[in-house]
Structure formats: C-alpha cells, structure tokens
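Please read the structure below before turning to the comments.
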Amino acid sequence: MVSNVEIKGFDEFAKYTDNIDPNGPPVFFYFSGEKTADGNSWCPDCVEAEPIVRAYLTELKKSVIFAYVDVGNREYWKDKACPFRTDSRTRLMVIPTIIKWKGVQRLEGEQCSKRDLLQMLFEEED
C-alpha cells in the first residue's frame, strides 16, 4: 500500500522531514521540477520518469510513503545556492532524483525511468 504525499518547496520538505515517524513505513522522496500550466514539469527527464515511477508504485506490494517534492521553477533549481542542492539531507545534483529517507540509496536522472532499478530501490530490505 503506497501512501502519496505532495510537497511544494524546500520549507515544506524540511517541515515534513522533521515529522517522519521513525517506526513508520519507509519514506521515498521523488524530487521533480515544478509543473507548468499544461500539468507537466519543465524538466524533460522528470516528464519521462514520472509515469514510469507512478506505474511501478501501483504494483508495489509493500507499505511505503511516496513523497512527490516540487523543487521549484527552472531558475530556482539552476541556482547553485538552491537549498535542495546544498542541504546535507538532499545534496541533489540532478532531477529527477528518488531517495530513500535515512538510507544511502538513490536513483538520479535517467535511472528513475528504469523499472529494474526502481524495483531494487523500493524492494530492498533494510
């Protein structure tokens, strides 16, 4: 059973992480570019990966929290001082990126579009 959470911006992300239940289901963060008026991200790699990730999640047979994180518009994301890039909890270099909270595992860029890598990330036991 996948629980979906939508998070917009770094402040909301930081607030959410402060309240994660350490005894709850694993939390996976999917970082993506802000959606434009047409409902798609400005980030082409994010547009490609999102339907693959979401389709995979419909098949997942374990309890996880999937948190979709909007990192902002292109200009904000490209700024080297963007907190998603500089904060020790994220240290993002590319989007999309999927990280397992409190884990070292992450998928970056085109890796997020590969079902076999999604399976390894989401189904690996701690």
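In the structure tokens, chains take the letters A, B, ... in the order shown, each chain's residues start at 1, and ligands count up from 1 in the order shown.
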(Q) Need the shell around stretch 72-74 of chain A: protein/DNA/RNA residues with any atom at most 10 Å away, counting only C-alpha atoms. Skip same-chain ones fewer than 3 positions apart. Format as a PyMOL selection string? (A) chain A and resi 8-10+31-36+41-43+69+77-79+82+84
Would you mind exporting the chosen residues as a short mmCIF file (atom, residue, chain, number, x, y, z; two decimals), in the first residue's frame, restricted to C-alpha atoms?
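out_31.cif written:
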```cif
data_model
loop_
_atom_site.label_atom_id
_atom_site.label_comp_id
_atom_site.auth_asym_id
_atom_site.auth_seq_id
_atom_site.Cartn_x
_atom_site.Cartn_y
_atom_site.Cartn_z
CA LYS A 8 5.97 22.02 -2.63
CA GLY A 9 9.25 23.76 -1.97
CA PHE A 10 12.13 23.35 0.44
CA PHE A 31 12.29 15.34 -6.48
CA SER A 32 10.95 16.89 -9.65
CA GLY A 33 10.70 20.27 -11.36
CA GLU A 34 7.65 22.45 -10.82
CA LYS A 35 4.69 21.68 -13.06
CA THR A 36 3.75 24.22 -15.70
CA SER A 41 7.21 19.56 -15.25
CA TRP A 42 9.54 21.99 -17.02
CA CYS A 43 12.16 19.23 -16.66
CA VAL A 69 8.63 17.03 -3.97
CA TRP A 77 16.61 24.90 -9.37
CA LYS A 78 19.58 26.02 -11.51
CA ASP A 79 20.81 28.42 -8.80
CA CYS A 82 19.31 26.21 -4.20
CA PHE A 84 17.85 21.22 -2.49
#
```
Q: Using only C-alpha atoms, determine which residues lie at most 7 Å from A:Pro25, disregarding the query and same-chain residues fewer than 4 positions distant; provide the list as a list of chain:residue names.
A: A:Ser63, A:Val64, A:Ile65
Create the file for the chosen residues now, containing N, CA, C and O atoms and written as a PDB file, in the first residue's frame.
```pdb
ATOM      1  N   SER A  63       4.179  -1.545   2.118  1.00  0.00           N
ATOM      2  CA  SER A  63       3.745  -0.266   2.652  1.00  0.00           C
ATOM      3  C   SER A  63       4.902   0.736   2.603  1.00  0.00           C
ATOM      4  O   SER A  63       5.942   0.522   3.235  1.00  0.00           O
ATOM      5  N   VAL A  64       4.725   1.795   1.814  1.00  0.00           N
ATOM      6  CA  VAL A  64       5.721   2.863   1.736  1.00  0.00           C
ATOM      7  C   VAL A  64       4.993   4.202   1.645  1.00  0.00           C
ATOM      8  O   VAL A  64       3.820   4.261   1.294  1.00  0.00           O
ATOM      9  N   ILE A  65       5.721   5.253   1.951  1.00  0.00           N
ATOM     10  CA  ILE A  65       5.223   6.609   1.718  1.00  0.00           C
ATOM     11  C   ILE A  65       6.018   7.161   0.548  1.00  0.00           C
ATOM     12  O   ILE A  65       7.260   7.143   0.556  1.00  0.00           O
TER      13      ILE A  65
END
```
Q: Run DSSP on the backbone and grab whatever in stretch 54-123 of chain A lands in strand (DSSP E); send it over as a PyMOL selection string.
A: chain A and resi 64-70+97-100+106-108
Export of the given selection (C-alpha atoms) as a short mmCIF file (atom, residue, chain, number, x, y, z; two decimals), in the first residue's frame:
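Output (part-v7.cif):
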```
data_model
loop_
_atom_site.label_atom_id
_atom_site.label_comp_id
_atom_site.auth_asym_id
_atom_site.auth_seq_id
_atom_site.Cartn_x
_atom_site.Cartn_y
_atom_site.Cartn_z
CA VAL A 64 5.72 2.86 1.74
CA ILE A 65 5.22 6.61 1.72
CA PHE A 66 5.92 8.20 -1.66
CA ALA A 67 6.52 11.93 -1.32
CA TYR A 68 6.49 13.93 -4.54
CA VAL A 69 8.63 17.03 -3.97
CA ASP A 70 8.32 20.05 -6.27
CA THR A 97 16.07 12.06 -8.05
CA ILE A 98 14.49 9.46 -5.76
CA ILE A 99 15.97 8.99 -2.31
CA LYS A 100 15.09 6.62 0.46
CA ARG A 106 19.17 6.97 -4.53
CA LEU A 107 18.30 6.99 -8.21
CA GLU A 108 19.27 10.01 -10.28
#
```
Q: Using only C-alpha atoms, determine which residues lie at most 10 Å from A:Gln105, disregarding the query and same-chain residues fewer than 6 positions distant; provide the list as an MDAnalysis selection string.
A: chainID A and resid 28 98:99 120:122 124
For the residues in that selection, give me N, CA and C atoms as a PDB file, in the first residue's frame.
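This went into again07.pdb:
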```pdb
ATOM      1  N   PHE A  28      10.048   7.490   0.675  1.00  0.00           N
ATOM      2  CA  PHE A  28      10.826   7.735  -0.534  1.00  0.00           C
ATOM      3  C   PHE A  28      10.439   9.103  -1.068  1.00  0.00           C
ATOM      4  N   ILE A  98      15.281  10.156  -6.783  1.00  0.00           N
ATOM      5  CA  ILE A  98      14.491   9.461  -5.760  1.00  0.00           C
ATOM      6  C   ILE A  98      15.464   9.053  -4.663  1.00  0.00           C
ATOM      7  N   ILE A  99      15.141   9.436  -3.435  1.00  0.00           N
ATOM      8  CA  ILE A  99      15.972   8.995  -2.315  1.00  0.00           C
ATOM      9  C   ILE A  99      15.112   8.268  -1.291  1.00  0.00           C
ATOM     10  N   MET A 120      14.812  -2.520  -7.337  1.00  0.00           N
ATOM     11  CA  MET A 120      15.883  -2.706  -6.357  1.00  0.00           C
ATOM     12  C   MET A 120      15.777  -1.671  -5.237  1.00  0.00           C
ATOM     13  N   LEU A 121      15.475  -0.419  -5.580  1.00  0.00           N
ATOM     14  CA  LEU A 121      15.384   0.640  -4.577  1.00  0.00           C
ATOM     15  C   LEU A 121      14.209   0.429  -3.626  1.00  0.00           C
ATOM     16  N   PHE A 122      13.013   0.187  -4.180  1.00  0.00           N
ATOM     17  CA  PHE A 122      11.818   0.112  -3.360  1.00  0.00           C
ATOM     18  C   PHE A 122      11.660  -1.210  -2.613  1.00  0.00           C
ATOM     19  N   GLU A 124      14.253  -3.315  -1.641  1.00  0.00           N
ATOM     20  CA  GLU A 124      15.390  -3.701  -0.810  1.00  0.00           C
ATOM     21  C   GLU A 124      15.004  -3.575   0.654  1.00  0.00           C
TER      22      GLU A 124
END
```
Q: Mind listing the alpha helix (DSSP H) residues of chain A, per DSSP on the backbone, as a ChimeraX atom specification?
A: /A:10-18,44-59,74-78,83-86,115-123
